[in-house]
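For reference, the structure discussed in these notes is given below.
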Amino acid sequence: MHVVIIGSGILGSSIAYECAKAGAQVTVIDAGRLGGVASGTSFAWLNATSKAPKSYYTLNALGMRAHLELKRDFGATPWRSQTGSLEWRTTEAGRAWQRGNFEQMRDWGYGIEWITKDRLAQMEPDIDLASIGDAPIVYYPEEGWVDPVLYAAWLHRAAREKHGAVLRPHTEVTGIVSRNNRAVAVTLAGGETVEADVIVNASGARSDRDLGVPALPMTSTAGMLGFTPPVPTTLRSQFHIDDLDVRPDGAGRLMIHKASVDTGLASTEGVTTDGPEAEALLEATRKVLPLLRDLRLEAVRTTLRPMPRDGFTCIGAMTDMTGYYVAVTHSGVTLAPYLGRALADEIVRGQPHNAIAPFTPDRFFRDPSTASVSAELVGVKPVEGPA
Ligand SMILES: Cc1cc2nc3c(=O)[nH]c(=O)nc-3n(C[C@H](O)[C@H](O)[C@H](O)COP(=O)(O)OP(=O)(O)OC[C@H]3O[C@@H](n4cnc5c(N)ncnc54)[C@H](O)[C@@H]3O)c2cc1C
């Protein structure tokens, strides 16, 4: 079976690795280089907290577990850090939300606990305790983050060296050829045609591009990250305060994200290290980490966050098109290894997973009342945030 995968971001790389491991002949085609677009500009927090409804929470929890399971294949997973997350809220409304989320997550079996300020001080002495005031603090010991481009590099190397997968970087797919409602080949920008038994479109925010077969309705939004220069900090955990997310990014650099800054972005262009967006990230972070005083950001990155129209993952066989699958989602870093395995099981081993059943493209192309497995998603919005 020849599986052609469009896109080598964290999602395409996961699908490629799992399909190749399952015995398929795999070709990955990417318009750019290995590692993706959104995947290289991601906060990359591995988490399932606050994800709802239950089916979406479960999918994310399976994603976190699949990241752990990659240790079975690779021994060490140098692209992944599990140092836990800390969270507190500065407003009463935020604290009420946090209490409700705590109960829900505990009921669903998620790793979550309240910790004291003393414990936080022991864990992360660089955090200014005065900035926390009397806010209750939540600790998520199982959370962490991933370096998605390194992840793609490791999975691709294994797919190629152990299972014969082929990567064609800097090669754009311009069309999908179908016969009698069956996808049979992709056409490339140079005019070449590559035949396939199965085509998987993992092209991220470009999933709404017209390739000659039905395209997905997308509502991708601009996202921004700020990066400090190396700072003398011992911070190990990531922390989340209201809509601010901060974590180490190697070599003493910190990565900063703030959801309200993303909301204010008109596009992915024109954001600079000395602009108002950068200042907003720094100002919020300095309140908690005084060592950032007098410091400017070293880099900012922006990209589109791949987002199917209803905000939920879209994965599985395309409606009324045999041999064509789609895989696009926000929270793709958390979800990638599980979605890769689920698709490989369905495509190569013929074993569909119940957990992805509510998330197929059918909900966009059929009457929602007939796509009953997706009923839990109707009228619900996933929680806004980096993941
Ligand atoms: C600011 C920000 C913060 C985020 N934070 C988190 C987080 O904390 N946790 C989390 O889990 N997720 C997070 N996400 C989301 C996550 O990064 C994405 O869901 C994930 O990276 C998507 O991966 P992907 O492989 O689908 O897409 P991409 O990485 O965008 O890869 C798609 C690939 O397809 C290729 N391509 C597109 N069109 C074609 C074509 N026609 N022919 C050939 N190749 C093509 C592109 O070149 C690209 O390499 C965040 C995203 C952003 C922007």
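Naming scheme: A, B, ... for chains in displayed order of the structure tokens; residues 1 onward per chain; ligands 1 onward as shown.
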
- [ ] Taking only C-alpha atoms and all ligand atoms into account, report as a PyMOL selection string which residues have an atom no farther than 7 Å from an atom of ligand 1.
- [x] chain A and resi 6-12+29-46+171-174+202-206+222-225+257+302-306+327-335+386-387

Limited to C-alpha atoms, could you put the picked residues into a file as a tab-separated table (two decimals), in the first residue's frame?
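part35.tsv written:
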```
chain	number	residue	atom	x	y	z
A	6	ILE	CA	0.88	16.05	2.27
A	7	GLY	CA	2.73	17.97	5.00
A	8	SER	CA	5.64	17.10	7.29
A	9	GLY	CA	4.65	19.08	10.39
A	10	ILE	CA	4.17	17.28	13.67
A	11	LEU	CA	0.96	15.74	12.36
A	12	GLY	CA	2.25	14.59	8.96
A	29	ILE	CA	5.62	15.69	0.37
A	30	ASP	CA	6.14	19.15	1.84
A	31	ALA	CA	6.16	22.55	0.17
A	32	GLY	CA	8.82	23.61	2.69
A	33	ARG	CA	11.31	21.72	4.80
A	34	LEU	CA	10.75	18.94	7.31
A	35	GLY	CA	9.08	20.09	10.54
A	36	GLY	CA	6.09	22.11	9.37
A	37	VAL	CA	4.92	25.68	9.69
A	38	ALA	CA	2.68	25.98	12.77
A	39	SER	CA	4.70	23.20	14.40
A	40	GLY	CA	7.78	25.43	14.41
A	41	THR	CA	5.90	28.32	16.06
A	42	SER	CA	4.01	26.49	18.75
A	43	PHE	CA	3.94	26.89	22.50
A	44	ALA	CA	3.76	23.09	22.31
A	45	TRP	CA	2.25	22.53	25.75
A	46	LEU	CA	1.23	18.89	26.25
A	171	THR	CA	7.77	20.15	-3.32
A	172	GLU	CA	4.28	21.61	-3.48
A	173	VAL	CA	1.16	19.51	-4.04
A	174	THR	CA	-1.13	21.42	-6.39
A	202	ALA	CA	-1.91	17.06	6.80
A	203	SER	CA	-1.26	20.53	5.39
A	204	GLY	CA	-2.18	22.45	8.55
A	205	ALA	CA	-3.71	25.89	8.02
A	206	ARG	CA	-3.63	25.27	4.25
A	222	ALA	CA	-2.88	34.35	13.92
A	223	GLY	CA	-0.68	33.35	16.84
A	224	MET	CA	2.48	34.92	18.25
A	225	LEU	CA	5.34	33.81	20.48
A	257	HIS	CA	2.57	33.54	24.77
A	302	THR	CA	3.99	34.52	14.19
A	303	THR	CA	2.04	31.97	12.21
A	304	LEU	CA	-1.48	30.76	11.52
A	305	ARG	CA	-2.89	28.34	14.05
A	306	PRO	CA	-4.60	25.54	12.05
A	327	ALA	CA	-5.79	15.40	9.55
A	328	VAL	CA	-5.94	18.96	10.82
A	329	THR	CA	-6.28	20.31	14.31
A	330	HIS	CA	-5.36	22.85	16.88
A	331	SER	CA	-3.56	21.26	19.88
A	332	GLY	CA	-1.78	19.23	17.23
A	333	VAL	CA	1.36	18.95	19.33
A	334	THR	CA	-0.51	17.21	22.13
A	335	LEU	CA	-2.54	15.07	19.75
A	386	PRO	CA	-2.56	28.14	23.32
A	387	ALA	CA	-3.61	24.55	23.22
```

- [ ] Taking the DSSP assignment computed from this structure's backbone, write out as a ChimeraX atom specification all residues of region 97-295 of chain A that belong to strand (DSSP E or B).
- [x] /A:113-115,137-140,144-146,166-168,173-179,182-188,193-195,198-201,218,221-227,238-241,244-248,254-258

Open item on the list: Can you tell me which residues surround region 181-183 of chain A at a distance of at most 7 Å, considering only C-alpha atoms, apart from same-chain residues fewer than 5 positions away, and format the answer as a ChimeraX atom specification?
Closed with: /A:176,320-324

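Reported to one decimal place, the separation of CA of Leu62 (chain A) from CA of Val348 (chain A) is 20.1 Å.
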
Open item on the list: Considering only helix (DSSP H, G or I) as DSSP defines it on the backbone, what residues of region 8-144 of chain A qualify? List them as number ranges by chain.
Closed with: A: 10-21, 38-41, 54-74, 92-107, 117-123, 129-131

Open item on the list: Counting only C-alpha atoms, which residue out of A:Thr116, A:Ser81, A:Thr272, A:Thr221 sits closest to Pro248 (chain A)?
Closed with: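 Among the listed residues, A:Ser81 lies closest to Pro248 (chain A).
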
TODO: Compile the contact shell of Phe364 (chain A) as an MDAnalysis selection string: residues with an atom at most 10 Å away, counting only C-alpha atoms, same-chain residues fewer than 4 positions apart removed.
DONE: chainID A and resid 216:217 308:310 314 319 360 368 371
